[in-house]
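Okay, query_8.csv now, which holds CSV, C-alpha atoms and all ligand atoms:
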chain,number,residue,atom,x,y,z
A,1,MET,CA,2.1,-60.8,-39.6
A,2,LYS,CA,4.5,-63.7,-40.0
A,3,LEU,CA,6.4,-65.0,-36.9
A,4,TYR,CA,9.9,-66.1,-36.1
A,5,ILE,CA,11.4,-67.3,-32.8
A,6,ASP,CA,14.3,-65.1,-31.5
A,7,THR,CA,16.6,-67.6,-29.8
A,8,ALA,CA,19.7,-69.8,-30.4
A,9,ASN,CA,18.5,-72.3,-27.8
A,10,LEU,CA,18.0,-75.7,-29.5
A,11,GLU,CA,15.4,-76.9,-27.0
A,12,ALA,CA,13.3,-73.8,-27.4
A,13,ILE,CA,13.6,-74.0,-31.2
A,14,ARG,CA,12.6,-77.6,-31.2
A,15,GLU,CA,9.5,-76.9,-29.1
A,16,GLY,CA,8.7,-73.7,-31.1
A,17,MET,CA,8.8,-75.6,-34.4
A,18,LYS,CA,6.7,-78.4,-33.0
A,19,TYR,CA,3.8,-76.3,-31.8
A,20,TYR,CA,3.9,-72.8,-33.3
A,21,PRO,CA,3.4,-71.6,-36.9
A,22,LEU,CA,6.9,-70.1,-37.3
A,23,ILE,CA,8.6,-69.2,-40.6
A,24,GLY,CA,12.1,-69.2,-39.1
A,25,VAL,CA,14.7,-68.4,-36.4
A,26,THR,CA,16.5,-65.2,-35.7
A,27,THR,CA,19.8,-65.1,-33.8
A,28,ASN,CA,22.3,-62.5,-32.8
A,29,PRO,CA,25.7,-62.5,-31.2
A,30,THR,CA,24.2,-62.1,-27.7
A,31,LEU,CA,21.8,-65.0,-28.1
A,32,LEU,CA,24.6,-67.3,-29.5
A,33,SER,CA,27.0,-66.3,-26.7
A,34,ARG,CA,24.3,-67.2,-24.1
A,35,GLU,CA,24.3,-70.8,-25.4
A,36,GLY,CA,28.1,-71.3,-25.0
A,37,GLY,CA,29.9,-74.0,-27.0
A,38,ASP,CA,30.9,-73.6,-30.6
A,39,PRO,CA,28.6,-71.1,-32.4
A,40,VAL,CA,29.3,-72.7,-35.8
A,41,GLU,CA,28.0,-76.0,-34.5
A,42,THR,CA,25.0,-74.3,-32.9
A,43,LEU,CA,24.1,-72.7,-36.2
A,44,LYS,CA,24.5,-76.0,-38.0
A,45,ALA,CA,22.3,-77.7,-35.5
A,46,ILE,CA,19.6,-74.9,-35.8
A,47,ARG,CA,19.6,-75.4,-39.6
A,48,ALA,CA,19.3,-79.1,-39.2
A,49,LEU,CA,16.4,-78.7,-36.8
A,50,ILE,CA,14.4,-76.2,-38.9
A,51,GLY,CA,15.1,-77.7,-42.3
A,52,GLU,CA,16.1,-75.9,-45.5
A,53,ASP,CA,12.7,-74.2,-46.1
A,54,ARG,CA,12.5,-72.1,-43.0
A,55,GLN,CA,14.6,-68.9,-42.7
A,56,LEU,CA,17.6,-68.6,-40.5
A,57,HIS,CA,18.9,-65.1,-39.7
A,58,VAL,CA,22.6,-64.8,-38.6
A,59,GLN,CA,24.4,-61.6,-37.7
A,60,VAL,CA,27.9,-60.8,-39.0
A,61,THR,CA,30.6,-60.2,-36.3
A,62,GLU,CA,33.2,-58.6,-38.5
A,63,THR,CA,33.2,-54.7,-38.6
A,64,GLU,CA,35.1,-53.9,-41.8
A,65,ALA,CA,33.2,-54.0,-45.0
A,66,ASP,CA,35.3,-56.6,-47.0
A,67,LYS,CA,35.5,-58.9,-44.0
A,68,MET,CA,31.8,-58.6,-43.4
A,69,VAL,CA,31.0,-59.6,-47.0
A,70,GLU,CA,33.5,-62.5,-46.7
A,71,GLU,CA,31.9,-63.6,-43.4
A,72,ALA,CA,28.4,-63.4,-44.9
A,73,ARG,CA,29.4,-65.5,-47.9
A,74,ALA,CA,30.9,-68.1,-45.6
A,75,ILE,CA,27.7,-68.2,-43.4
A,76,VAL,CA,25.5,-68.7,-46.5
A,77,ALA,CA,27.8,-71.3,-47.9
A,78,LEU,CA,27.5,-73.2,-44.6
A,79,LEU,CA,23.8,-72.8,-43.8
A,80,GLY,CA,22.4,-72.8,-47.3
A,81,LYS,CA,19.3,-71.3,-48.9
A,82,ASN,CA,16.9,-69.2,-46.8
A,83,THR,CA,19.8,-67.9,-44.7
A,84,PHE,CA,19.6,-64.1,-44.2
A,85,ILE,CA,22.6,-62.0,-43.0
A,86,LYS,CA,21.9,-59.5,-40.3
A,87,VAL,CA,23.9,-56.4,-40.8
A,88,PRO,CA,23.9,-53.6,-38.1
A,89,VAL,CA,22.8,-50.3,-39.7
A,90,GLY,CA,25.4,-47.6,-40.3
A,91,GLU,CA,27.5,-46.3,-43.1
A,92,VAL,CA,29.5,-49.5,-43.4
A,93,GLY,CA,26.3,-51.5,-42.9
A,94,LEU,CA,24.7,-49.7,-45.9
A,95,GLN,CA,27.8,-50.4,-48.0
A,96,VAL,CA,27.8,-54.1,-47.0
A,97,THR,CA,24.0,-54.4,-47.6
A,98,ALA,CA,24.4,-53.1,-51.1
A,99,ALA,CA,27.3,-55.5,-51.8
A,100,LEU,CA,25.4,-58.5,-50.4
A,101,ALA,CA,22.2,-57.6,-52.3
A,102,ALA,CA,24.3,-57.4,-55.5
A,103,LEU,CA,25.5,-61.0,-54.7
A,104,GLY,CA,21.9,-62.1,-54.2
A,105,ILE,CA,22.3,-62.6,-50.5
A,106,GLY,CA,19.3,-61.6,-48.4
A,107,VAL,CA,20.0,-58.9,-45.7
A,108,THR,CA,18.2,-58.1,-42.5
A,109,GLU,CA,19.3,-54.6,-41.4
A,110,THR,CA,19.4,-54.7,-37.7
A,111,ALA,CA,19.7,-52.3,-34.7
A,112,ILE,CA,17.1,-50.0,-36.4
A,113,PHE,CA,15.6,-47.3,-34.2
A,114,THR,CA,14.2,-44.8,-36.7
A,115,ALA,CA,12.2,-44.7,-39.9
A,116,GLY,CA,15.1,-42.8,-41.5
A,117,GLN,CA,17.5,-45.7,-40.9
A,118,ALA,CA,14.9,-48.1,-42.2
A,119,LEU,CA,14.5,-46.1,-45.4
A,120,LEU,CA,18.2,-46.0,-46.1
A,121,ALA,CA,18.5,-49.7,-45.4
A,122,ALA,CA,15.7,-50.5,-47.8
A,123,ARG,CA,17.1,-48.4,-50.5
A,124,ALA,CA,20.5,-50.1,-50.0
A,125,GLY,CA,18.8,-53.4,-50.8
A,126,ALA,CA,17.8,-54.9,-47.4
A,127,SER,CA,15.1,-57.6,-47.6
A,128,TYR,CA,14.1,-56.9,-44.0
A,129,VAL,CA,14.6,-54.1,-41.5
A,130,ALA,CA,14.5,-54.9,-37.8
A,131,PRO,CA,13.3,-52.1,-35.5
A,132,TYR,CA,13.8,-52.8,-31.8
A,133,VAL,CA,10.4,-52.2,-30.2
A,134,ASN,CA,11.0,-52.8,-26.5
A,135,ARG,CA,14.4,-51.1,-26.4
A,136,LEU,CA,12.6,-47.9,-27.7
A,137,ASP,CA,9.8,-48.3,-25.2
A,138,ASN,CA,12.4,-48.7,-22.4
A,139,ILE,CA,13.7,-45.2,-23.1
A,140,LEU,CA,10.2,-43.7,-23.1
A,141,ALA,CA,10.1,-43.6,-26.9
A,142,ASP,CA,7.4,-45.4,-28.8
A,143,GLY,CA,8.5,-48.6,-30.5
A,144,VAL,CA,5.1,-49.2,-32.1
A,145,ALA,CA,5.0,-45.7,-33.6
A,146,VAL,CA,8.4,-46.3,-35.2
A,147,VAL,CA,7.1,-49.6,-36.8
A,148,ARG,CA,4.0,-47.7,-38.0
A,149,ASP,CA,6.2,-45.0,-39.6
A,150,ILE,CA,8.4,-47.5,-41.4
A,151,ALA,CA,5.5,-49.6,-42.6
A,152,ASP,CA,3.6,-46.5,-43.9
A,153,THR,CA,6.7,-45.2,-45.6
A,154,PHE,CA,7.4,-48.5,-47.4
A,155,ALA,CA,3.7,-48.8,-48.4
A,156,MET,CA,3.6,-45.2,-49.7
A,157,HIS,CA,6.7,-45.6,-51.8
A,158,ASP,CA,6.1,-49.2,-53.0
A,159,ILE,CA,9.2,-50.4,-51.2
A,160,ASP,CA,9.0,-54.2,-50.9
A,161,THR,CA,11.5,-54.4,-47.9
A,162,GLU,CA,9.6,-55.9,-45.0
A,163,VAL,CA,9.5,-54.8,-41.3
A,164,LEU,CA,10.9,-57.6,-39.1
A,165,ALA,CA,10.0,-56.1,-35.7
A,166,ALA,CA,12.3,-57.3,-32.9
A,167,SER,CA,12.9,-56.8,-29.2
A,168,PHE,CA,9.6,-57.8,-27.5
A,169,LYS,CA,8.9,-58.2,-23.9
A,170,SER,CA,5.1,-58.6,-24.0
A,171,PRO,CA,2.3,-60.1,-26.1
A,172,GLU,CA,0.6,-56.8,-26.0
A,173,GLN,CA,3.6,-55.2,-27.9
A,174,VAL,CA,3.2,-57.9,-30.5
A,175,ILE,CA,-0.4,-57.2,-31.2
A,176,ARG,CA,0.2,-53.5,-31.3
A,177,VAL,CA,3.0,-54.0,-33.8
A,178,ALA,CA,0.7,-56.2,-36.0
A,179,LEU,CA,-2.0,-53.5,-35.9
A,180,ALA,CA,0.7,-50.9,-36.8
A,181,GLY,CA,1.4,-52.8,-40.1
A,182,GLY,CA,4.5,-54.8,-39.1
A,183,HIS,CA,4.9,-57.5,-41.7
A,184,THR,CA,6.9,-60.0,-39.5
A,185,ALA,CA,8.0,-60.2,-35.9
A,186,THR,CA,10.6,-62.2,-34.1
A,187,LEU,CA,9.6,-63.3,-30.5
A,188,PRO,CA,11.5,-64.7,-27.6
A,189,PRO,CA,10.0,-68.1,-26.5
A,190,ASP,CA,8.2,-66.7,-23.4
A,191,VAL,CA,6.5,-63.9,-25.5
A,192,LEU,CA,5.5,-66.5,-28.1
A,193,LYS,CA,3.9,-68.7,-25.3
A,194,GLY,CA,2.3,-65.6,-23.8
A,195,LEU,CA,0.5,-64.8,-27.0
A,196,LEU,CA,-1.2,-68.2,-26.8
A,197,THR,CA,-2.1,-68.3,-23.1
A,198,HIS,CA,-5.3,-67.0,-21.5
A,199,PRO,CA,-6.8,-68.2,-18.2
A,200,LEU,CA,-10.4,-68.1,-19.7
A,201,THR,CA,-9.3,-70.5,-22.5
A,202,GLY,CA,-8.2,-73.1,-19.9
A,203,ALA,CA,-11.5,-72.6,-18.0
A,204,ALA,CA,-13.6,-73.0,-21.2
A,205,ILE,CA,-11.8,-76.2,-22.2
A,206,ASP,CA,-12.2,-77.6,-18.7
A,207,SER,CA,-15.9,-76.8,-18.6
A,208,PHE,CA,-16.5,-78.4,-22.1
A,209,ALA,CA,-14.8,-81.6,-20.8
A,210,ALA,CA,-16.8,-81.6,-17.5
A,211,ASP,CA,-20.2,-81.1,-19.3
A,212,TRP,CA,-19.4,-83.8,-21.9
A,213,ASN,CA,-18.2,-86.4,-19.3
A,214,ASN,CA,-21.2,-85.7,-17.0
A,215,ALA,CA,-23.6,-86.3,-20.0
A,216,PHE,CA,-21.8,-89.2,-21.7
A,217,GLY,CA,-20.0,-91.0,-19.0
A,218,GLY,CA,-16.4,-90.2,-20.2
A,219,LYS,CA,-16.8,-91.7,-23.7
A,220,THR,CA,-15.3,-89.5,-26.4
A,221,LEU,CA,-17.1,-88.7,-29.6
A,222,ARG,CA,-14.4,-90.7,-31.5
A,223,GLU,CA,-15.3,-93.8,-29.4
A,224,MET,CA,-19.0,-93.3,-30.1
A,225,LEU,CA,-18.4,-92.9,-33.8
A,226,ASN,CA,-16.3,-96.0,-34.0
A,227,LYS,CA,-18.8,-98.3,-32.1
B,301,LIG,C1,16.8,-58.5,-33.2
B,301,LIG,O1,17.4,-58.3,-34.2
B,301,LIG,C2,17.5,-58.5,-31.9
B,301,LIG,O2,18.4,-59.6,-32.1
B,301,LIG,C3,16.6,-58.9,-30.7
B,301,LIG,O3,15.3,-59.1,-31.0
B,301,LIG,C4,16.8,-57.8,-29.6
B,301,LIG,O4,16.0,-58.2,-28.5
B,301,LIG,P1,16.3,-57.6,-27.1
B,301,LIG,O5,16.1,-56.2,-27.1
B,301,LIG,O6,15.4,-58.3,-26.2
B,301,LIG,O7,17.8,-58.0,-26.8

Using the file provided, produce a representation of the structure as structure tokens.
Amino acid sequence: MKLYIDTANLEAIREGMKYYPLIGVTTNPTLLSREGGDPVETLKAIRALIGEDRQLHVQVTETEADKMVEEARAIVALLGKNTFIKVPVGEVGLQVTAALAALGIGVTETAIFTAGQALLAARAGASYVAPYVNRLDNILADGVAVVRDIADTFAMHDIDTEVLAASFKSPEQVIRVALAGGHTATLPPDVLKGLLTHPLTGAAIDSFAADWNNAFGGKTLREMLNK
């Protein structure tokens, strides 16, 4: 399962790109409003930070089809290749998805909560569908099961649209989504870090260092090899 970072915060993106194997950044209107300032400048700065080879997902804010298409074209013109347009699912969303796909613009259908919505989005031409795992879990539904239904449906019918699972609150949700067949997932910075962290890892590394230093007086293997 390939991974994105789900934030518009430049510092979090800089740190994420430095340490983690990420294929891109996903944003949404809420994440951009949280940063304040001029969202166009923020998006330009994110693109400059991640380079042109990583993906950047940006959601349209217009609500009428023609204006959404115009806005999407302007976003892609500004941010270049590997920019994907997030379109909220719905009747207008499907119409816009088909129009953007015909223009060769990649679409991530967002605000997906059912396999039915995902199937329609895929057939309209979306490159990715984004089911919201934690928001489903929060209403006592099963976000992982929805991801599994979508992934199974796509596999069964040779649909090459990918699941970009979104809305995570815990590392456990991420692993359960990976096991359910999610192709990609976008994680907030704290969940990304949570995936890496384990108290036994720190303890293991500390005891390796203590044993080595006790035996070899604090000299590293590099120092011994270079003598
Ligand atoms: C994805 O498309 C959404 O922007 C995002 O992941 C939703 O996450 P939240 O439920 O934590 O707001």

Closest atom pairs, region 181-217 of chain A residues within 8 Å of region 2-11 of chain A, all atoms listed in the file, as JSON lines:
{"residue": "A:His183", "atom": "CA", "partner": "A:Lys2", "partner_atom": "CA", "distance": 6.4}
{"residue": "A:Thr184", "atom": "CA", "partner": "A:Lys2", "partner_atom": "CA", "distance": 4.4}
{"residue": "A:Ala185", "atom": "CA", "partner": "A:Leu3", "partner_atom": "CA", "distance": 5.2}
{"residue": "A:Thr186", "atom": "CA", "partner": "A:Tyr4", "partner_atom": "CA", "distance": 4.4}
{"residue": "A:Leu187", "atom": "CA", "partner": "A:Ile5", "partner_atom": "CA", "distance": 5.0}
{"residue": "A:Pro188", "atom": "CA", "partner": "A:Asp6", "partner_atom": "CA", "distance": 4.8}
{"residue": "A:Pro189", "atom": "CA", "partner": "A:Ile5", "partner_atom": "CA", "distance": 6.5}
{"residue": "A:Leu192", "atom": "CA", "partner": "A:Ile5", "partner_atom": "CA", "distance": 7.6}

(message) Quick one: residues within 12 Å of Thr110 (chain A), only C-alpha atoms, excluding same-chain residues fewer than 2 positions away - as a ChimeraX atom specification?
(response) /A:26-29,57-60,84-90,93-94,97,107-108,112-114,117-118,121-122,126-133,163-167

(message) Report, in Å with one decimal, the straight-line distance from atom O1 of ligand LIG 301 (chain B) to CA of Ala111 (chain A).
(response)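 Calculated distance between atom O1 of ligand LIG 301 (chain B) and CA of Ala111 (chain A) is 6.4 Å.
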
(message) Please report the interatomic distance between CA of Glu35 (chain A) and CA of Pro171 (chain A) in Å with one decimal.
(response)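 CA of Glu35 (chain A) sits 24.5 Å away from CA of Pro171 (chain A).
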
(request) In Å, rounded to a single decimal, give me how far atom P1 of ligand LIG 301 (chain B) is from CA of Ala72 (chain A). (result) 22.3 Å

(request) Pick out the closest residue to ligand LIG 301 (chain B) from this set: A:Phe208, A:Phe154, A:Tyr19, A:Phe168. Count all atoms listed in the file. (result)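 That would be A:Phe168, the residue with the smallest distance to ligand LIG 301 (chain B).
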
(message) Taking only C-alpha atoms into account, name the residue in A:Arg34, A:Arg123, A:Arg148, A:Arg222 that is nearest to Ala178 (chain A).
(response) A:Arg148

(message) Could you check the closest approach to ligand LIG 301 (chain B) for each of A:Glu70, A:Asp190, A:Asp160, A:Glu223 and tell me which residue wins, using all atoms listed in the file?
(response)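 So, comparing all the options, the nearest one is A:Asp190.
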
(request) Go through A:Glu62, A:Asp142, A:Glu109, A:Asp38 one by one, measure the shortest atom-to-atom distance of each to ligand LIG 301 (chain B) using only C-alpha atoms and all ligand atoms, and give the residue with the smallest value. (result)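 Of the candidates, the smallest distance to ligand LIG 301 (chain B) is held by A:Glu109.
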
(message) Residues within 12 Å of Gly181 (chain A), please, as a list of chain:residue names. Count only C-alpha atoms; anything in the same chain fewer than 6 positions from it doesn't count.
(response)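 In the requested format, the answer is A:Met1, A:Lys2, A:Val144, A:Ala145, A:Val146, A:Val147, A:Arg148, A:Asp149, A:Ile150, A:Ala151, A:Asp152, A:Thr153, A:Phe154, A:Ala155, A:Glu162, A:Val163, A:Leu164, A:Ala165, A:Val174, A:Ile175.
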
(message) Restricting the calculation to all atoms listed in the file: of A:Ala102, A:Ala115, A:Ile75, A:Val191, which residue gets closest to ligand LIG 301 (chain B)?
(response)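 Of all the options, A:Val191 lies closest to ligand LIG 301 (chain B).
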
(message) Using all atoms listed in the file for the distances, tell me which of A:Leu221, A:Val25, A:Leu196, A:Ala124 is nearest to ligand LIG 301 (chain B).
(response)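 Ranking A:Leu221, A:Val25, A:Leu196, A:Ala124 by distance to ligand LIG 301 (chain B), first place goes to A:Val25.
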
(request) Extract, using all atoms listed in the file, all DNA, RNA and protein residues at most 10 Å from region 76-83 of chain A, discarding same-chain residues fewer than 3 positions from it, and format them as a VMD selection string. (result) chain A and resid 24 to 26 40 43 to 48 51 to 58 71 to 73 86 105 to 107

Those residues you just picked out, can you put them in a file as a PDB file, in the coordinates of the input with C-alpha atoms?
ATOM      1  CA  GLY A  24      12.100 -69.200 -39.100  1.00  0.00           C
ATOM      2  CA  VAL A  25      14.700 -68.400 -36.400  1.00  0.00           C
ATOM      3  CA  THR A  26      16.500 -65.200 -35.700  1.00  0.00           C
ATOM      4  CA  VAL A  40      29.300 -72.700 -35.800  1.00  0.00           C
ATOM      5  CA  LEU A  43      24.100 -72.700 -36.200  1.00  0.00           C
ATOM      6  CA  LYS A  44      24.500 -76.000 -38.000  1.00  0.00           C
ATOM      7  CA  ALA A  45      22.300 -77.700 -35.500  1.00  0.00           C
ATOM      8  CA  ILE A  46      19.600 -74.900 -35.800  1.00  0.00           C
ATOM      9  CA  ARG A  47      19.600 -75.400 -39.600  1.00  0.00           C
ATOM     10  CA  ALA A  48      19.300 -79.100 -39.200  1.00  0.00           C
ATOM     11  CA  GLY A  51      15.100 -77.700 -42.300  1.00  0.00           C
ATOM     12  CA  GLU A  52      16.100 -75.900 -45.500  1.00  0.00           C
ATOM     13  CA  ASP A  53      12.700 -74.200 -46.100  1.00  0.00           C
ATOM     14  CA  ARG A  54      12.500 -72.100 -43.000  1.00  0.00           C
ATOM     15  CA  GLN A  55      14.600 -68.900 -42.700  1.00  0.00           C
ATOM     16  CA  LEU A  56      17.600 -68.600 -40.500  1.00  0.00           C
ATOM     17  CA  HIS A  57      18.900 -65.100 -39.700  1.00  0.00           C
ATOM     18  CA  VAL A  58      22.600 -64.800 -38.600  1.00  0.00           C
ATOM     19  CA  GLU A  71      31.900 -63.600 -43.400  1.00  0.00           C
ATOM     20  CA  ALA A  72      28.400 -63.400 -44.900  1.00  0.00           C
ATOM     21  CA  ARG A  73      29.400 -65.500 -47.900  1.00  0.00           C
ATOM     22  CA  LYS A  86      21.900 -59.500 -40.300  1.00  0.00           C
ATOM     23  CA  ILE A 105      22.300 -62.600 -50.500  1.00  0.00           C
ATOM     24  CA  GLY A 106      19.300 -61.600 -48.400  1.00  0.00           C
ATOM     25  CA  VAL A 107      20.000 -58.900 -45.700  1.00  0.00           C
TER      26      VAL A 107
END
